[in-house]
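This is coords_16.pdb. It holds PDB, C-alpha atoms, pLDDT in the B column.
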```pdb
ATOM      1  CA  MET Z   1      11.341  -9.418   9.368  1.00 92.00           C
ATOM      2  CA  ASP Z   2      13.753 -12.117  10.497  1.00 95.00           C
ATOM      3  CA  VAL Z   3      16.825 -12.735   8.359  1.00 97.00           C
ATOM      4  CA  THR Z   4      18.994 -15.879   8.256  1.00 97.00           C
ATOM      5  CA  GLU Z   5      22.225 -16.233   6.295  1.00 97.00           C
ATOM      6  CA  VAL Z   6      21.859 -19.740   4.850  1.00 96.00           C
ATOM      7  CA  ALA Z   7      25.072 -19.675   2.790  1.00 96.00           C
ATOM      8  CA  PRO Z   8      27.776 -17.037   2.378  1.00 96.00           C
ATOM      9  CA  ASP Z   9      25.983 -13.825   1.300  1.00 97.00           C
ATOM     10  CA  LEU Z  10      22.679 -15.655   0.711  1.00 98.00           C
ATOM     11  CA  TYR Z  11      19.955 -14.367   3.028  1.00 98.00           C
ATOM     12  CA  PHE Z  12      16.619 -16.006   3.815  1.00 98.00           C
ATOM     13  CA  LEU Z  13      14.005 -13.344   4.511  1.00 98.00           C
ATOM     14  CA  HIS Z  14      11.135 -14.398   6.798  1.00 94.00           C
ATOM     15  CA  LEU Z  15       8.480 -11.852   5.833  1.00 93.00           C
ATOM     16  CA  GLU Z  16       5.122 -11.020   7.390  1.00 85.00           C
ATOM     17  CA  PHE Z  17       3.636 -13.557   4.987  1.00 88.00           C
ATOM     18  CA  GLY Z  18       5.747 -15.650   2.673  1.00 88.00           C
ATOM     19  CA  GLN Z  19       9.474 -15.414   2.212  1.00 96.00           C
ATOM     20  CA  ALA Z  20      12.152 -14.203  -0.158  1.00 98.00           C
ATOM     21  CA  TYR Z  21      15.882 -14.561  -0.732  1.00 98.00           C
ATOM     22  CA  LEU Z  22      18.591 -11.967  -1.207  1.00 98.00           C
ATOM     23  CA  LEU Z  23      21.922 -12.831  -2.808  1.00 98.00           C
ATOM     24  CA  ARG Z  24      24.709 -10.296  -2.300  1.00 98.00           C
ATOM     25  CA  GLU Z  25      27.788 -10.144  -4.524  1.00 98.00           C
ATOM     26  CA  GLY Z  26      29.944  -7.285  -3.323  1.00 96.00           C
ATOM     27  CA  ARG Z  27      27.558  -4.323  -3.271  1.00 97.00           C
ATOM     28  CA  SER Z  28      25.287  -5.868  -5.909  1.00 98.00           C
ATOM     29  CA  ALA Z  29      22.185  -7.720  -4.737  1.00 98.00           C
ATOM     30  CA  THR Z  30      19.550  -9.876  -6.377  1.00 98.00           C
ATOM     31  CA  LEU Z  31      16.150 -10.442  -4.785  1.00 98.00           C
ATOM     32  CA  ILE Z  32      14.227 -13.651  -5.461  1.00 98.00           C
ATOM     33  CA  ASP Z  33      10.523 -12.880  -4.818  1.00 98.00           C
ATOM     34  CA  THR Z  34       9.198  -9.973  -2.775  1.00 98.00           C
ATOM     35  CA  GLY Z  35       6.594 -11.087  -0.232  1.00 96.00           C
ATOM     36  CA  ILE Z  36       3.158  -9.524   0.058  1.00 96.00           C
ATOM     37  CA  ALA Z  37       2.435  -5.848  -0.569  1.00 96.00           C
ATOM     38  CA  GLY Z  38       3.965  -3.709   2.154  1.00 95.00           C
ATOM     39  CA  SER Z  39       7.138  -5.781   2.556  1.00 96.00           C
ATOM     40  CA  GLY Z  40       9.247  -3.224   0.708  1.00 96.00           C
ATOM     41  CA  PRO Z  41      10.472  -1.120   3.661  1.00 96.00           C
ATOM     42  CA  ALA Z  42      11.798  -4.171   5.501  1.00 96.00           C
ATOM     43  CA  ILE Z  43      13.691  -5.286   2.400  1.00 98.00           C
ATOM     44  CA  THR Z  44      15.130  -1.843   1.617  1.00 98.00           C
ATOM     45  CA  GLY Z  45      16.143  -1.624   5.270  1.00 97.00           C
ATOM     46  CA  LEU Z  46      18.103  -4.850   4.910  1.00 97.00           C
ATOM     47  CA  LEU Z  47      19.772  -3.549   1.752  1.00 98.00           C
ATOM     48  CA  ALA Z  48      20.906  -0.461   3.670  1.00 97.00           C
ATOM     49  CA  GLU Z  49      22.178  -2.600   6.534  1.00 97.00           C
ATOM     50  CA  LEU Z  50      24.190  -4.714   4.092  1.00 97.00           C
ATOM     51  CA  ASP Z  51      25.372  -1.631   2.159  1.00 97.00           C
ATOM     52  CA  ALA Z  52      24.041  -3.275  -1.004  1.00 98.00           C
ATOM     53  CA  GLU Z  53      22.258  -1.995  -4.093  1.00 98.00           C
ATOM     54  CA  LEU Z  54      19.412  -3.996  -5.578  1.00 98.00           C
ATOM     55  CA  ASP Z  55      20.248  -4.742  -9.210  1.00 98.00           C
ATOM     56  CA  ARG Z  56      17.363  -7.049 -10.108  1.00 98.00           C
ATOM     57  CA  ILE Z  57      14.140  -8.558  -8.776  1.00 98.00           C
ATOM     58  CA  VAL Z  58      13.386 -12.076 -10.010  1.00 98.00           C
ATOM     59  CA  ILE Z  59       9.804 -13.286  -9.611  1.00 98.00           C
ATOM     60  CA  THR Z  60       9.339 -17.063  -9.491  1.00 98.00           C
ATOM     61  CA  HIS Z  61       5.598 -16.794 -10.253  1.00 98.00           C
ATOM     62  CA  GLY Z  62       2.710 -14.406 -10.128  1.00 97.00           C
ATOM     63  CA  HIS Z  63       1.060 -15.102  -6.775  1.00 97.00           C
ATOM     64  CA  GLU Z  64       0.366 -12.329  -4.269  1.00 96.00           C
ATOM     65  CA  ASP Z  65       2.949 -13.454  -1.726  1.00 96.00           C
ATOM     66  CA  HIS Z  66       5.700 -13.447  -4.348  1.00 97.00           C
ATOM     67  CA  THR Z  67       4.904 -10.319  -6.370  1.00 98.00           C
ATOM     68  CA  GLY Z  68       3.247  -8.132  -3.734  1.00 97.00           C
ATOM     69  CA  SER Z  69       6.127  -5.730  -3.102  1.00 97.00           C
ATOM     70  CA  ALA Z  70       7.651  -5.776  -6.578  1.00 98.00           C
ATOM     71  CA  ALA Z  71       6.190  -2.410  -7.593  1.00 98.00           C
ATOM     72  CA  GLU Z  72       7.259  -0.603  -4.421  1.00 98.00           C
ATOM     73  CA  LEU Z  73      10.763  -2.088  -4.542  1.00 98.00           C
ATOM     74  CA  ARG Z  74      11.164  -1.232  -8.226  1.00 98.00           C
ATOM     75  CA  ALA Z  75      10.107   2.338  -7.491  1.00 98.00           C
ATOM     76  CA  ALA Z  76      12.362   2.616  -4.438  1.00 97.00           C
ATOM     77  CA  THR Z  77      15.504   1.094  -5.944  1.00 98.00           C
ATOM     78  CA  GLY Z  78      15.183   1.315  -9.729  1.00 98.00           C
ATOM     79  CA  ALA Z  79      15.855  -2.421  -9.954  1.00 98.00           C
ATOM     80  CA  PRO Z  80      14.304  -4.122 -13.000  1.00 98.00           C
ATOM     81  CA  VAL Z  81      11.689  -6.828 -12.483  1.00 98.00           C
ATOM     82  CA  LEU Z  82      12.129 -10.173 -14.254  1.00 98.00           C
ATOM     83  CA  ALA Z  83       9.364 -12.761 -14.655  1.00 98.00           C
ATOM     84  CA  HIS Z  84       8.442 -15.572 -17.021  1.00 98.00           C
ATOM     85  CA  GLY Z  85       6.491 -14.487 -20.068  1.00 98.00           C
ATOM     86  CA  ALA Z  86       3.454 -16.584 -19.120  1.00 98.00           C
ATOM     87  CA  ASP Z  87       3.061 -14.881 -15.723  1.00 98.00           C
ATOM     88  CA  ALA Z  88       4.244 -11.414 -16.768  1.00 98.00           C
ATOM     89  CA  PRO Z  89       0.672 -10.262 -17.621  1.00 98.00           C
ATOM     90  CA  VAL Z  90      -0.381 -11.201 -14.082  1.00 98.00           C
ATOM     91  CA  VAL Z  91       2.492  -9.219 -12.557  1.00 98.00           C
ATOM     92  CA  ARG Z  92       1.567  -6.252 -14.760  1.00 98.00           C
ATOM     93  CA  GLY Z  93      -2.051  -6.479 -13.605  1.00 97.00           C
ATOM     94  CA  GLU Z  94      -3.351  -7.195 -17.106  1.00 97.00           C
ATOM     95  CA  ARG Z  95      -5.105 -10.411 -16.111  1.00 95.00           C
ATOM     96  CA  LYS Z  96      -5.854 -12.478 -13.035  1.00 93.00           C
ATOM     97  CA  GLN Z  97      -3.898 -15.577 -12.156  1.00 94.00           C
ATOM     98  CA  ALA Z  98      -5.679 -18.799 -13.074  1.00 95.00           C
ATOM     99  CA  ASP Z  99      -7.502 -20.430 -10.179  1.00 95.00           C
ATOM    100  CA  PRO Z 100      -5.798 -23.496  -8.699  1.00 97.00           C
ATOM    101  CA  VAL Z 101      -7.353 -26.926  -8.982  1.00 97.00           C
ATOM    102  CA  LEU Z 102      -7.616 -27.822  -5.321  1.00 96.00           C
ATOM    103  CA  LEU Z 103      -7.422 -31.231  -3.710  1.00 96.00           C
ATOM    104  CA  ASP Z 104      -9.996 -31.830  -0.984  1.00 96.00           C
ATOM    105  CA  TRP Z 105      -7.457 -31.336   1.818  1.00 96.00           C
ATOM    106  CA  GLU Z 106      -6.157 -28.121   0.231  1.00 96.00           C
ATOM    107  CA  ARG Z 107      -9.546 -26.409  -0.003  1.00 96.00           C
ATOM    108  CA  PRO Z 108      -9.984 -25.293   3.656  1.00 97.00           C
ATOM    109  CA  LEU Z 109      -6.372 -24.152   3.770  1.00 94.00           C
ATOM    110  CA  PHE Z 110      -6.760 -22.128   0.594  1.00 96.00           C
ATOM    111  CA  GLU Z 111     -10.032 -20.614   1.746  1.00 95.00           C
ATOM    112  CA  SER Z 112      -8.443 -19.523   5.027  1.00 95.00           C
ATOM    113  CA  ILE Z 113      -5.377 -17.947   3.384  1.00 94.00           C
ATOM    114  CA  ALA Z 114      -6.467 -16.472   0.049  1.00 92.00           C
ATOM    115  CA  PRO Z 115      -8.857 -13.792   1.393  1.00 92.00           C
ATOM    116  CA  THR Z 116      -6.195 -12.449   3.769  1.00 93.00           C
ATOM    117  CA  LEU Z 117      -3.598 -11.626   1.107  1.00 93.00           C
ATOM    118  CA  PRO Z 118      -3.611  -8.041  -0.159  1.00 94.00           C
ATOM    119  CA  ALA Z 119      -3.810  -7.605  -3.910  1.00 93.00           C
ATOM    120  CA  PRO Z 120      -0.387  -6.778  -5.336  1.00 95.00           C
ATOM    121  CA  PRO Z 121      -0.151  -3.411  -7.083  1.00 97.00           C
ATOM    122  CA  PRO Z 122       0.471  -3.844 -10.824  1.00 98.00           C
ATOM    123  CA  CYS Z 123       4.171  -3.802 -11.637  1.00 98.00           C
ATOM    124  CA  PRO Z 124       5.984  -3.409 -14.957  1.00 98.00           C
ATOM    125  CA  VAL Z 125       8.017  -6.406 -16.068  1.00 98.00           C
ATOM    126  CA  ASP Z 126      11.294  -5.174 -17.489  1.00 98.00           C
ATOM    127  CA  GLN Z 127      12.451  -8.552 -18.801  1.00 98.00           C
ATOM    128  CA  GLU Z 128      10.313 -11.536 -19.717  1.00 98.00           C
ATOM    129  CA  LEU Z 129      12.124 -14.788 -19.031  1.00 98.00           C
ATOM    130  CA  ALA Z 130      12.087 -18.105 -20.846  1.00 98.00           C
ATOM    131  CA  ASP Z 131      13.472 -21.564 -20.185  1.00 98.00           C
ATOM    132  CA  GLY Z 132      17.243 -21.684 -20.580  1.00 98.00           C
ATOM    133  CA  ASP Z 133      17.901 -17.981 -20.084  1.00 98.00           C
ATOM    134  CA  VAL Z 134      21.091 -17.278 -18.153  1.00 98.00           C
ATOM    135  CA  LEU Z 135      21.053 -14.230 -15.895  1.00 98.00           C
ATOM    136  CA  ASP Z 136      24.077 -12.198 -14.895  1.00 97.00           C
ATOM    137  CA  PHE Z 137      24.397 -13.088 -11.223  1.00 98.00           C
ATOM    138  CA  GLY Z 138      25.596 -16.017  -9.155  1.00 97.00           C
ATOM    139  CA  GLY Z 139      28.186 -16.944 -11.757  1.00 97.00           C
ATOM    140  CA  GLY Z 140      25.422 -17.449 -14.334  1.00 97.00           C
ATOM    141  CA  ALA Z 141      21.915 -18.121 -13.043  1.00 98.00           C
ATOM    142  CA  ARG Z 142      19.951 -20.515 -15.234  1.00 98.00           C
ATOM    143  CA  VAL Z 143      16.211 -20.046 -15.585  1.00 98.00           C
ATOM    144  CA  LEU Z 144      14.145 -23.234 -15.682  1.00 98.00           C
ATOM    145  CA  ALA Z 145      10.535 -23.043 -16.787  1.00 98.00           C
ATOM    146  CA  ILE Z 146       8.591 -25.333 -14.441  1.00 98.00           C
ATOM    147  CA  PRO Z 147       4.881 -24.925 -15.244  1.00 98.00           C
ATOM    148  CA  GLY Z 148       2.193 -26.485 -13.116  1.00 98.00           C
ATOM    149  CA  HIS Z 149       1.979 -24.366  -9.985  1.00 98.00           C
ATOM    150  CA  THR Z 150       1.230 -21.527 -12.395  1.00 98.00           C
ATOM    151  CA  ALA Z 151       1.733 -21.388 -16.138  1.00 98.00           C
ATOM    152  CA  GLY Z 152       4.764 -19.137 -15.729  1.00 98.00           C
ATOM    153  CA  SER Z 153       6.468 -20.659 -12.701  1.00 98.00           C
ATOM    154  CA  ILE Z 154      10.254 -20.701 -12.839  1.00 98.00           C
ATOM    155  CA  ALA Z 155      13.150 -22.011 -10.809  1.00 98.00           C
ATOM    156  CA  VAL Z 156      16.591 -20.423 -10.719  1.00 98.00           C
ATOM    157  CA  TYR Z 157      19.698 -22.618 -10.526  1.00 98.00           C
ATOM    158  CA  LEU Z 158      23.209 -21.449  -9.699  1.00 98.00           C
ATOM    159  CA  SER Z 159      25.364 -24.278 -11.001  1.00 96.00           C
ATOM    160  CA  LYS Z 160      28.666 -22.921  -9.620  1.00 96.00           C
ATOM    161  CA  SER Z 161      27.399 -22.906  -6.030  1.00 97.00           C
ATOM    162  CA  ARG Z 162      24.749 -25.624  -6.587  1.00 98.00           C
ATOM    163  CA  ILE Z 163      21.990 -23.427  -5.143  1.00 98.00           C
ATOM    164  CA  LEU Z 164      18.421 -23.926  -6.356  1.00 98.00           C
ATOM    165  CA  PHE Z 165      15.475 -21.564  -5.884  1.00 98.00           C
ATOM    166  CA  THR Z 166      12.357 -23.659  -6.445  1.00 98.00           C
ATOM    167  CA  GLY Z 167       9.532 -21.157  -6.075  1.00 98.00           C
ATOM    168  CA  ASP Z 168       6.346 -22.912  -4.948  1.00 98.00           C
ATOM    169  CA  THR Z 169       6.772 -26.052  -7.033  1.00 98.00           C
ATOM    170  CA  ILE Z 170       8.446 -27.636  -4.002  1.00 98.00           C
ATOM    171  CA  ALA Z 171       7.746 -26.836  -0.347  1.00 98.00           C
ATOM    172  CA  ASN Z 172       9.463 -27.856   2.880  1.00 98.00           C
ATOM    173  CA  VAL Z 173       6.726 -27.426   5.446  1.00 95.00           C
ATOM    174  CA  GLY Z 174       7.332 -30.118   8.047  1.00 92.00           C
ATOM    175  CA  ARG Z 175       8.593 -32.326   5.251  1.00 95.00           C
ATOM    176  CA  LEU Z 176       9.639 -32.063   1.629  1.00 97.00           C
ATOM    177  CA  MET Z 177       6.514 -32.077  -0.524  1.00 97.00           C
ATOM    178  CA  LEU Z 178       4.936 -30.975  -3.750  1.00 98.00           C
ATOM    179  CA  GLY Z 179       3.826 -27.383  -3.439  1.00 97.00           C
ATOM    180  CA  THR Z 180       0.111 -26.729  -2.907  1.00 97.00           C
ATOM    181  CA  PHE Z 181      -2.542 -24.794  -4.859  1.00 98.00           C
ATOM    182  CA  ASN Z 182      -1.434 -25.861  -8.346  1.00 98.00           C
ATOM    183  CA  VAL Z 183      -3.237 -25.098 -11.579  1.00 98.00           C
ATOM    184  CA  ASP Z 184      -2.065 -28.447 -13.005  1.00 98.00           C
ATOM    185  CA  ARG Z 185      -0.900 -31.060 -10.506  1.00 97.00           C
ATOM    186  CA  ALA Z 186       0.455 -33.478 -13.129  1.00 97.00           C
ATOM    187  CA  ARG Z 187       2.634 -30.788 -14.718  1.00 98.00           C
ATOM    188  CA  THR Z 188       3.810 -29.668 -11.281  1.00 98.00           C
ATOM    189  CA  ILE Z 189       4.953 -33.217 -10.563  1.00 98.00           C
ATOM    190  CA  GLU Z 190       6.824 -33.274 -13.884  1.00 97.00           C
ATOM    191  CA  SER Z 191       8.490 -30.007 -12.914  1.00 98.00           C
ATOM    192  CA  PHE Z 192       9.396 -31.400  -9.478  1.00 98.00           C
ATOM    193  CA  HIS Z 193      11.133 -34.328 -11.186  1.00 98.00           C
ATOM    194  CA  ARG Z 194      13.072 -31.941 -13.417  1.00 98.00           C
ATOM    195  CA  LEU Z 195      14.353 -30.023 -10.406  1.00 98.00           C
ATOM    196  CA  ALA Z 196      15.198 -33.226  -8.547  1.00 98.00           C
ATOM    197  CA  GLU Z 197      17.615 -34.184 -11.329  1.00 97.00           C
ATOM    198  CA  LEU Z 198      19.837 -31.187 -10.642  1.00 98.00           C
ATOM    199  CA  ASP Z 199      23.029 -31.397  -8.609  1.00 98.00           C
ATOM    200  CA  THR Z 200      21.776 -29.327  -5.670  1.00 98.00           C
ATOM    201  CA  GLU Z 201      23.572 -28.596  -2.441  1.00 98.00           C
ATOM    202  CA  VAL Z 202      21.281 -25.844  -1.097  1.00 98.00           C
ATOM    203  CA  ALA Z 203      17.551 -25.723  -1.921  1.00 98.00           C
ATOM    204  CA  CYS Z 204      15.545 -22.568  -1.234  1.00 98.00           C
ATOM    205  CA  PHE Z 205      11.760 -22.890  -1.278  1.00 98.00           C
ATOM    206  CA  GLY Z 206       8.849 -20.500  -1.573  1.00 97.00           C
ATOM    207  CA  HIS Z 207       7.441 -21.945   1.650  1.00 97.00           C
ATOM    208  CA  GLY Z 208       9.420 -23.644   4.376  1.00 97.00           C
ATOM    209  CA  GLU Z 209      12.990 -23.707   5.589  1.00 96.00           C
ATOM    210  CA  PRO Z 210      15.850 -24.069   3.090  1.00 98.00           C
ATOM    211  CA  ILE Z 211      17.787 -27.317   3.034  1.00 98.00           C
ATOM    212  CA  ILE Z 212      21.506 -26.743   3.476  1.00 97.00           C
ATOM    213  CA  GLY Z 213      23.692 -29.651   2.429  1.00 96.00           C
ATOM    214  CA  ASN Z 214      23.026 -32.432  -0.109  1.00 97.00           C
ATOM    215  CA  ALA Z 215      19.532 -31.107  -0.820  1.00 98.00           C
ATOM    216  CA  GLY Z 216      19.339 -32.975  -4.110  1.00 98.00           C
ATOM    217  CA  ALA Z 217      19.193 -36.352  -2.367  1.00 98.00           C
ATOM    218  CA  GLY Z 218      16.074 -35.291  -0.477  1.00 97.00           C
ATOM    219  CA  LEU Z 219      14.455 -33.910  -3.607  1.00 98.00           C
ATOM    220  CA  ARG Z 220      15.070 -37.145  -5.497  1.00 98.00           C
ATOM    221  CA  ALA Z 221      13.725 -39.299  -2.662  1.00 97.00           C
ATOM    222  CA  THR Z 222      10.547 -37.218  -2.503  1.00 97.00           C
ATOM    223  CA  ALA Z 223      10.138 -37.171  -6.277  1.00 97.00           C
ATOM    224  CA  LYS Z 224      10.034 -40.974  -6.352  1.00 96.00           C
ATOM    225  CA  GLN Z 225       6.983 -40.930  -4.072  1.00 94.00           C
ATOM    226  CA  LEU Z 226       4.911 -38.482  -6.112  1.00 94.00           C
ATOM    227  CA  THR Z 227       1.924 -39.656  -8.083  1.00 79.00           C
ATOM    228  CA  ALA Z 228      -0.640 -37.690 -10.045  1.00 67.00           C
TER     229      ALA Z 228
END
```
When written as structure tokens, how does the structure in this file appear?
Amino acid sequence: MDVTEVAPDLYFLHLEFGQAYLLREGRSATLIDTGIAGSGPAITGLLAELDAELDRIVITHGHEDHTGSAAELRAATGAPVLAHGADAPVVRGERKQADPVLLDWERPLFESIAPTLPAPPPCPVDQELADGDVLDFGGGARVLAIPGHTAGSIAVYLSKSRILFTGDTIANVGRLMLGTFNVDRARTIESFHRLAELDTEVACFGHGEPIIGNAGAGLRATAKQLTA
């Protein structure tokens, strides 16, 4: 696992597949997403290196590359798992995630990736999140419900530091773009526009490199180009 510090005490975790973010505040740490199953040892190793204790695991949505290591990390650290109420049953293993509605160009990509991802072990959800919840880290982390990629997709916004975690609603793979493999493209575009309205300095995506510095301007420029 490669680790990059993208802002003071904010770490970008390049996992075997997918990525996650760790925010350290003193010895307290918050993990945003968990990578695929099996990523736990690399993440607990980083926690030990940073002399930090994991206090919470926030899941942006219930796809395999975001929830895969939640169960093993919860067991290893005792950290509670937080996810939106609409995706919580998926994280718990009570139902499958809805299939995406694929564009023609997305289909071969999806068919090459999906079979390679290990199924995430079911994981308890200790707190079900809803739009407008404020979590006790980052000076008050606001939960934004942004359905479209999945029914229970969320973003997390730290207004004091102007840091935004977008999940897979927005990607930065070669360029800023709407995230792929959405269950409802029109709603995902609406959610993109909502995120673009925020005063964002640093944007952290589910796929692609973070943008450090005046990220909101790029989000707004891209939002103007989106059509259903």
If you count all atoms listed in the file, the residue of Z:Gly206, Z:Gly139, Z:Ile189, Z:Ala114 closest to Thr34 in chain Z turns out to be Z:Gly206
Using the chain letters and residue numbers of this document, give as JSON, numbers by chain the residues selected by the PyMOL selection byres ((chain Z and resi 157) around 8).
-> {"Z": [141, 142, 143, 144, 155, 156, 158, 159, 162, 163, 164, 165]}
Saved selection, atoms kept: C-alpha atoms, as an mmCIF file, keeping the file's coordinate frame:
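Output (part27.cif):
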```
data_model
loop_
_atom_site.group_PDB
_atom_site.id
_atom_site.type_symbol
_atom_site.label_atom_id
_atom_site.label_comp_id
_atom_site.auth_asym_id
_atom_site.auth_seq_id
_atom_site.Cartn_x
_atom_site.Cartn_y
_atom_site.Cartn_z
ATOM 1 C CA ALA Z 141 21.915 -18.121 -13.043
ATOM 2 C CA ARG Z 142 19.951 -20.515 -15.234
ATOM 3 C CA VAL Z 143 16.211 -20.046 -15.585
ATOM 4 C CA LEU Z 144 14.145 -23.234 -15.682
ATOM 5 C CA ALA Z 155 13.150 -22.011 -10.809
ATOM 6 C CA VAL Z 156 16.591 -20.423 -10.719
ATOM 7 C CA LEU Z 158 23.209 -21.449 -9.699
ATOM 8 C CA SER Z 159 25.364 -24.278 -11.001
ATOM 9 C CA ARG Z 162 24.749 -25.624 -6.587
ATOM 10 C CA ILE Z 163 21.990 -23.427 -5.143
ATOM 11 C CA LEU Z 164 18.421 -23.926 -6.356
ATOM 12 C CA PHE Z 165 15.475 -21.564 -5.884
#
```
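Comparing the minimum interatomic distances between Thr44 in chain Z and each of Z:Ser69, Z:Gln97, Z:Thr4, Z:Gln225, counting only C-alpha atoms, we find that Z:Ser69 sits nearest.
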What does the PyMOL selection byres ((chain Z and resi 173-182) around 6) select in this file, as a PDB file with C-alpha atoms, keeping the file's coordinate frame?
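Output (selection_36.pdb):
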```
ATOM      1  CA  PRO Z 100      -5.798 -23.496  -8.699  1.00 97.00           C
ATOM      2  CA  LEU Z 102      -7.616 -27.822  -5.321  1.00 96.00           C
ATOM      3  CA  HIS Z 149       1.979 -24.366  -9.985  1.00 98.00           C
ATOM      4  CA  ASP Z 168       6.346 -22.912  -4.948  1.00 98.00           C
ATOM      5  CA  THR Z 169       6.772 -26.052  -7.033  1.00 98.00           C
ATOM      6  CA  ILE Z 170       8.446 -27.636  -4.002  1.00 98.00           C
ATOM      7  CA  ALA Z 171       7.746 -26.836  -0.347  1.00 98.00           C
ATOM      8  CA  ASN Z 172       9.463 -27.856   2.880  1.00 98.00           C
ATOM      9  CA  VAL Z 183      -3.237 -25.098 -11.579  1.00 98.00           C
ATOM     10  CA  ASP Z 184      -2.065 -28.447 -13.005  1.00 98.00           C
ATOM     11  CA  ARG Z 185      -0.900 -31.060 -10.506  1.00 97.00           C
ATOM     12  CA  GLY Z 208       9.420 -23.644   4.376  1.00 97.00           C
TER      13      GLY Z 208
END
```
Expanded to explicit residues, what is the PyMOL selection byres ((chain Z and resi 129) around 9) for this file, as a list of chain:residue names?
->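 This file gives the following for the PyMOL selection byres ((chain Z and resi 129) around 9): Z:Leu82, Z:Ala83, Z:His84, Z:Gly85, Z:Ala86, Z:Ala88, Z:Gln127, Z:Glu128, Z:Ala130, Z:Asp131, Z:Gly132, Z:Asp133, Z:Val143, Z:Ala145, Z:Ile154.
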What is the CA of Val202 in chain Z to CA of Gly167 in chain Z distance in Å?
->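 CA of Gly167 in chain Z lies at a distance of 13.6 Å from CA of Val202 in chain Z.
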Restricting the calculation to only C-alpha atoms, which member of Z:Thr30, Z:Thr227, Z:Thr166, Z:Ser153 is positioned closest to Cys204 in chain Z?
-> Z:Thr166
Would you give the centre and edge lengths, in Å to one decimal, of a box along x, y and z around the listed atoms of range 45-57 of chain Z, with 5 Å added to each side, as lines of an AutoDock Vina configuration file?
```
center_x = 19.8
center_y = -4.5
center_z = -1.8
size_x = 21.2
size_y = 18.1
size_z = 26.6
```
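Our summary of the geometry notes that CA of Phe17 in chain Z is positioned 22.9 Å from CA of Thr188 in chain Z.
Of note, CA of His66 in chain Z and CA of Ala119 in chain Z are spaced 11.2 Å apart.
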Residue nearest Gly148 in chain Z - candidates Z:Lys160, Z:Lys224, Z:His63, Z:Arg187, atoms counted: all atoms listed in the file = Z:Arg187
Neighbour residues at most 10 Å from (1.1, -9.1, -15.1) (all atoms listed in the file) as a PyMOL selection string | chain Z and resi 62+67+83-97+121-125
Closest of Z:Arg74, Z:Pro8, Z:Ala196, Z:Ala203 to Thr222 in chain Z - atom-to-atom distances counting all atoms listed in the file | Z:Ala196
Of the candidates Z:Ala42, Z:Ala186, Z:Leu195, Z:Leu50, which shows the shortest atom-to-atom distance to Glu5 in chain Z, using all atoms listed in the file?
->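 For Glu5 in chain Z, the nearest of the candidates is Z:Leu50.
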Go ahead and find all residues with at least one atom no further than 7 Å from (23.5, -9.5, -9.3) in the file's coordinates, using all atoms listed in the file; report them as a list of chain:residue names.
->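 The residues near that point, listed by chain and number, are Z:Glu25, Z:Ser28, Z:Ala29, Z:Thr30, Z:Asp55, Z:Arg56, Z:Asp136, Z:Phe137, Z:Gly138.
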